[in-house]
Amino acid sequence: MAGMATHVITGAGSGIGAAVARRLHARGDDLVLHARDAGRAKELAAEFPGARTLVGDLADPDRLSWAFSHQTLPDRVDSLLHIAGVVDLGRVGDLTPKTWHHQLNVNLVSPAELTRHFLPQLRLAQGHVVFVNSGSGLNAGHEWSAYAASKHGLKALADSLRHEEHANGVRVTSVYPGRTTSPMQAKVHRQEGKEYDPSKWIDPESVATTIVMALDLPRDAEVNDLTVRPGR
C-alpha cells in the first residue's frame with residue numbers, strides 16, 4: 001500500500017491500536033482515528049498531528065449511524081482497522097445480560113456496523129479490512145465465555161465478509177494475538193487475581209509489525225488468518 005493511504009482505526013488510544021497508528025503516521029499515511037467521545041478525540045488529535053477523528057460510542061452501535069451522519073467521513077478508505085475491544089471475565093453462572101451485551105456490542109456488532117458504513121469507500125479503493133481478533137476467537141477458556149463468544153463471532157464476520165467482497169477486490173485479514181502487553185491485559189490479570197508481568201507477553205509493536213505486513217503485501221496475495229503467540 002504505497003504512500004498516502006487513508007486508514008480508519010479504532011482503538012488507537014493504547015496497546016496494539018496505538019502502535020499501528022504510530023507506525024502508519026510516521027510514514028506519512030492519512031489517519032482517521034475513531035474515539036468514543038469528543039474529549040478522547042481531542043487527545044488523539046494532539047497525539048497524532050494531522051490526523052482526523054471520528055466520534056461514536058462502540059458500546060451503542062444503534063447510534064453510530066446517527067453520530068456519523070453529523071460528521072464528515074473520508075471519501076477514500078484504503079484500510080479499516082478494527083482494533084478496539086473490551087473484556088470482562090466471569091463464569092456463565094454469574095454473567096448478566098448487560099455484560100454480554102457490552103462485549104458483543106463493542107467487539108462484534110460495532111465492527112460490523114463500521115464495516116457497513118465504509119464498504120463503499122473500501123470497494124472503490126480495493127481496500128483492506130483488518131480485524132484484530134484474539135486467541136479467544138479460536139478457543140474459549142474458563143471464565144472467558146462472553147469475550148470469546150464476541151471474538152468467535154468476529155471470526156465469522158470476517159470470514160463472511162471475505163467471501164462477499166473478494167470479487168470487489170477488498171482484502172480481509174483476521175489477526176489472533178496471544179496475550180499482549182496493554183492496559184487491557186493488566187485488567188485481565190486483576191480479574192484473574194494474578195500478578196501482571198508485562199515482560200512475559202507480546203509487545204504491541206510486534207503485533208503492529210504483522211498488521212502492517214498484511215497491509216503492505218502485494219495485491220497478488222492476501223493474509224486471511226494470522227496467529228501471533230508469545231515468543232518467550
# chains A, B, ... in the order shown; residues from 1 in each chain; ligands from 1
>>> residues_around(residues="A:Leu31", least_positions_apart="2", cutoff="12 Å", atoms="only C-alpha atoms", output="count of residues only")
40
>>> select_by_dssp(residues="stretch 56-222 of chain A", states="strand (DSSP E)", output="list in words")
Ser79, Leu80, Leu81, His82, His128, Val129, Val130, Phe131, Val132, Arg171, Val172, Thr173, Ser174, Val175, Tyr176 and Pro177 of chain A
>>> residues_around(residues="A:Ala221", least_positions_apart="4", cutoff="10 Å", atoms="only C-alpha atoms", output="list in words")
Arg171, Ala214 and Leu217 of chain A
>>> write_last_selection(atoms="N, CA, C and O atoms", output="PDB file, in the first residue's frame")
ATOM      1  N   ARG A 171      -9.672  -6.917   0.519  1.00  0.00           N
ATOM      2  CA  ARG A 171      -8.989  -7.972   1.265  1.00  0.00           C
ATOM      3  C   ARG A 171      -9.442  -7.939   2.729  1.00  0.00           C
ATOM      4  O   ARG A 171      -9.725  -6.873   3.277  1.00  0.00           O
ATOM      5  N   ALA A 214       0.638  -7.281   6.596  1.00  0.00           N
ATOM      6  CA  ALA A 214      -0.559  -7.723   5.869  1.00  0.00           C
ATOM      7  C   ALA A 214      -1.065  -6.612   4.944  1.00  0.00           C
ATOM      8  O   ALA A 214      -1.448  -6.864   3.796  1.00  0.00           O
ATOM      9  N   LEU A 217       1.334  -6.173   1.819  1.00  0.00           N
ATOM     10  CA  LEU A 217       1.528  -7.324   0.942  1.00  0.00           C
ATOM     11  C   LEU A 217       1.073  -6.985  -0.476  1.00  0.00           C
ATOM     12  O   LEU A 217       0.034  -6.357  -0.660  1.00  0.00           O
TER      13      LEU A 217
END
>>> closest_residue(among="A:Val87, A:Val170, A:Ala35, A:Leu157", to="A:Phe68", atoms="only C-alpha atoms")
A:Ala35
>>> select_by_dssp(residues="stretch 46-219 of chain A", states="helix (DSSP H, G or I)", output="PyMOL selection string")
chain A and resi 46-47+61-69+97-125+135-137+145-168+183-192+198-200+204-216
>>> write_last_selection(atoms="C-alpha atoms", output="compact mmCIF listing (two decimals), in the first residue's frame")
# COMPACT_ATOMS: atom_id res chain seq x y z
CA ALA A 46 -2.93 16.07 19.78
CA GLU A 47 -1.00 12.78 19.79
CA PRO A 61 -23.91 0.51 17.77
CA ASP A 62 -27.54 1.53 17.15
CA ARG A 63 -26.48 5.17 17.35
CA LEU A 64 -23.29 5.04 15.27
CA SER A 65 -25.15 5.80 12.05
CA TRP A 66 -26.70 8.91 13.62
CA ALA A 67 -23.32 10.01 15.04
CA PHE A 68 -21.56 9.60 11.69
CA SER A 69 -24.30 11.48 9.81
CA PRO A 97 -27.07 -9.71 30.00
CA LYS A 98 -25.54 -6.24 30.48
CA THR A 99 -22.02 -7.72 30.50
CA TRP A 100 -22.81 -9.90 27.48
CA HIS A 101 -24.32 -7.01 25.52
CA HIS A 102 -21.40 -4.67 26.27
CA GLN A 103 -18.78 -7.10 24.94
CA LEU A 104 -20.87 -8.20 21.96
CA ASN A 105 -21.63 -4.58 21.02
CA VAL A 106 -18.07 -3.27 21.21
CA ASN A 107 -16.27 -6.37 19.92
CA LEU A 108 -18.70 -7.59 17.24
CA VAL A 109 -21.77 -5.51 16.37
CA SER A 110 -19.91 -2.19 16.09
CA PRO A 111 -17.18 -3.63 13.83
CA ALA A 112 -19.98 -4.94 11.58
CA GLU A 113 -21.68 -1.54 11.58
CA LEU A 114 -18.43 0.36 10.89
CA THR A 115 -17.66 -2.04 8.05
CA ARG A 116 -21.12 -1.46 6.56
CA HIS A 117 -20.53 2.30 6.64
CA PHE A 118 -17.13 2.19 4.98
CA LEU A 119 -17.67 -0.60 2.44
CA PRO A 120 -18.46 1.80 -0.45
CA GLN A 121 -15.14 3.61 0.08
CA LEU A 122 -13.27 0.32 0.59
CA ARG A 123 -14.67 -1.10 -2.64
CA LEU A 124 -13.62 1.99 -4.57
CA ALA A 125 -10.07 1.81 -3.19
CA GLY A 135 -6.62 -16.30 20.74
CA SER A 136 -10.07 -16.42 22.40
CA GLY A 137 -11.61 -16.16 18.92
CA SER A 145 -17.38 -17.15 27.58
CA ALA A 146 -18.76 -13.68 26.71
CA TYR A 147 -15.48 -12.27 25.39
CA ALA A 148 -14.70 -15.46 23.45
CA ALA A 149 -18.23 -15.52 22.02
CA SER A 150 -17.78 -11.97 20.74
CA LYS A 151 -14.43 -12.91 19.18
CA HIS A 152 -15.71 -16.20 17.70
CA GLY A 153 -18.44 -14.03 16.15
CA LEU A 154 -15.82 -11.62 14.84
CA LYS A 155 -14.12 -14.51 13.04
CA ALA A 156 -17.46 -15.39 11.40
CA LEU A 157 -17.97 -11.75 10.38
CA ALA A 158 -14.50 -11.62 8.80
CA ASP A 159 -14.89 -14.96 7.01
CA SER A 160 -18.28 -14.00 5.53
CA LEU A 161 -17.04 -10.55 4.54
CA ARG A 162 -14.04 -12.10 2.76
CA HIS A 163 -16.31 -14.31 0.65
CA GLU A 164 -18.75 -11.48 -0.08
CA GLU A 165 -16.19 -8.83 -1.05
CA HIS A 166 -13.49 -10.88 -2.78
CA ALA A 167 -14.91 -10.08 -6.21
CA ASN A 168 -14.81 -6.36 -5.30
CA PRO A 183 -3.94 -1.78 29.85
CA MET A 184 -6.50 -4.44 28.85
CA GLN A 185 -4.04 -7.19 29.79
CA ALA A 186 -3.40 -5.54 33.16
CA LYS A 187 -7.18 -5.55 33.76
CA VAL A 188 -7.45 -9.23 32.79
CA HIS A 189 -4.74 -10.12 35.29
CA ARG A 190 -6.55 -8.18 38.03
CA GLN A 191 -9.76 -10.07 37.22
CA GLU A 192 -7.85 -13.36 37.28
CA PRO A 198 4.42 -7.14 31.06
CA SER A 199 7.75 -8.71 30.04
CA LYS A 200 6.09 -12.14 29.69
CA PRO A 204 2.19 -4.38 20.88
CA GLU A 205 4.87 -3.28 18.40
CA SER A 206 5.34 -6.90 17.33
CA VAL A 207 1.63 -7.30 16.57
CA ALA A 208 1.71 -3.93 14.75
CA THR A 209 4.52 -5.32 12.56
CA THR A 210 2.32 -8.23 11.47
CA ILE A 211 -0.64 -5.92 10.71
CA VAL A 212 1.45 -3.52 8.60
CA MET A 213 2.95 -6.53 6.81
CA ALA A 214 -0.56 -7.72 5.87
CA LEU A 215 -1.47 -4.22 4.62
CA ASP A 216 1.70 -3.89 2.55
>>> atom_distance(atom1="atom CA of A:Asp197", atom2="atom CA of A:Ala59")
29.2 Å
>>> residues_around(residues="A:Pro177", least_positions_apart="4", cutoff="9 Å", atoms="only C-alpha atoms", output="mmCIF file with all heavy atoms, in the first residue's frame")
data_model
loop_
_atom_site.group_PDB
_atom_site.id
_atom_site.type_symbol
_atom_site.label_atom_id
_atom_site.label_comp_id
_atom_site.auth_asym_id
_atom_site.auth_seq_id
_atom_site.Cartn_x
_atom_site.Cartn_y
_atom_site.Cartn_z
ATOM 1 N N VAL A 132 -8.623 -7.221 14.407
ATOM 2 C CA VAL A 132 -7.731 -7.746 15.440
ATOM 3 C C VAL A 132 -8.604 -8.568 16.377
ATOM 4 O O VAL A 132 -9.397 -8.034 17.155
ATOM 5 C CB VAL A 132 -6.964 -6.636 16.169
ATOM 6 C CG1 VAL A 132 -6.167 -7.230 17.332
ATOM 7 C CG2 VAL A 132 -6.006 -5.955 15.192
ATOM 8 N N ASN A 133 -8.492 -9.867 16.237
ATOM 9 C CA ASN A 133 -9.288 -10.804 16.992
ATOM 10 C C ASN A 133 -8.530 -11.158 18.275
ATOM 11 O O ASN A 133 -7.995 -10.267 18.938
ATOM 12 C CB ASN A 133 -9.605 -12.020 16.099
ATOM 13 C CG ASN A 133 -10.783 -12.821 16.578
ATOM 14 O OD1 ASN A 133 -10.800 -13.345 17.693
ATOM 15 N ND2 ASN A 133 -11.796 -12.954 15.729
ATOM 16 N N SER A 134 -8.427 -12.407 18.619
ATOM 17 C CA SER A 134 -7.785 -12.834 19.856
ATOM 18 C C SER A 134 -7.620 -14.336 19.798
ATOM 19 O O SER A 134 -8.341 -15.013 19.058
ATOM 20 C CB SER A 134 -8.695 -12.465 21.037
ATOM 21 O OG SER A 134 -8.338 -13.167 22.208
ATOM 22 N N GLY A 135 -6.683 -14.857 20.583
ATOM 23 C CA GLY A 135 -6.624 -16.304 20.743
ATOM 24 C C GLY A 135 -7.972 -16.857 21.190
ATOM 25 O O GLY A 135 -8.335 -17.990 20.881
ATOM 26 N N ILE A 202 3.450 -10.451 24.602
ATOM 27 C CA ILE A 202 3.866 -9.884 23.321
ATOM 28 C C ILE A 202 3.870 -8.359 23.402
ATOM 29 O O ILE A 202 2.935 -7.755 23.948
ATOM 30 C CB ILE A 202 2.895 -10.311 22.200
ATOM 31 C CG1 ILE A 202 2.786 -11.843 22.122
ATOM 32 C CG2 ILE A 202 3.347 -9.769 20.844
ATOM 33 C CD1 ILE A 202 1.645 -12.326 21.237
ATOM 34 N N VAL A 207 2.906 -7.052 17.247
ATOM 35 C CA VAL A 207 1.630 -7.296 16.572
ATOM 36 C C VAL A 207 1.434 -6.253 15.468
ATOM 37 O O VAL A 207 0.966 -6.570 14.370
ATOM 38 C CB VAL A 207 0.458 -7.276 17.567
ATOM 39 C CG1 VAL A 207 -0.857 -7.600 16.852
ATOM 40 C CG2 VAL A 207 0.685 -8.273 18.704
ATOM 41 N N LEU A 226 -4.012 -14.911 10.781
ATOM 42 C CA LEU A 226 -2.633 -14.805 11.274
ATOM 43 C C LEU A 226 -2.649 -14.936 12.793
ATOM 44 O O LEU A 226 -3.227 -14.100 13.492
ATOM 45 C CB LEU A 226 -2.062 -13.445 10.849
ATOM 46 C CG LEU A 226 -0.610 -13.149 11.137
ATOM 47 C CD1 LEU A 226 0.286 -14.140 10.405
ATOM 48 C CD2 LEU A 226 -0.286 -11.728 10.683
ATOM 49 N N THR A 227 -2.063 -16.006 13.309
ATOM 50 C CA THR A 227 -1.990 -16.207 14.748
ATOM 51 C C THR A 227 -0.620 -15.792 15.248
ATOM 52 O O THR A 227 0.396 -16.228 14.702
ATOM 53 C CB THR A 227 -2.258 -17.699 15.090
ATOM 54 O OG1 THR A 227 -3.555 -18.063 14.616
ATOM 55 C CG2 THR A 227 -2.217 -17.929 16.600
ATOM 56 N N VAL A 228 -0.608 -14.955 16.270
ATOM 57 C CA VAL A 228 0.659 -14.431 16.821
ATOM 58 C C VAL A 228 0.715 -14.839 18.289
ATOM 59 O O VAL A 228 -0.134 -14.414 19.091
ATOM 60 C CB VAL A 228 0.727 -12.896 16.703
ATOM 61 C CG1 VAL A 228 2.106 -12.400 17.110
ATOM 62 C CG2 VAL A 228 0.385 -12.427 15.297
ATOM 63 N N ARG A 229 1.697 -15.652 18.641
ATOM 64 C CA ARG A 229 1.788 -16.161 20.018
ATOM 65 C C ARG A 229 3.002 -15.573 20.727
ATOM 66 O O ARG A 229 3.987 -15.210 20.078
ATOM 67 C CB ARG A 229 1.924 -17.698 20.008
ATOM 68 C CG ARG A 229 0.861 -18.416 19.222
ATOM 69 C CD ARG A 229 -0.545 -18.125 19.733
ATOM 70 N NE ARG A 229 -0.714 -18.458 21.132
ATOM 71 C CZ ARG A 229 -1.768 -18.060 21.864
ATOM 72 N NH1 ARG A 229 -2.700 -17.313 21.321
ATOM 73 N NH2 ARG A 229 -1.865 -18.400 23.129
ATOM 74 N N PRO A 230 2.942 -15.492 22.086
ATOM 75 C CA PRO A 230 4.126 -15.021 22.822
ATOM 76 C C PRO A 230 5.347 -15.872 22.511
ATOM 77 O O PRO A 230 5.252 -17.106 22.465
ATOM 78 C CB PRO A 230 3.717 -15.176 24.288
ATOM 79 C CG PRO A 230 2.212 -15.119 24.284
ATOM 80 C CD PRO A 230 1.812 -15.777 22.991
#
>>> closest_residue(among="A:Gly178, A:His82, A:Lys194, A:Val172", to="A:Asp225", atoms="only C-alpha atoms")
A:Val172
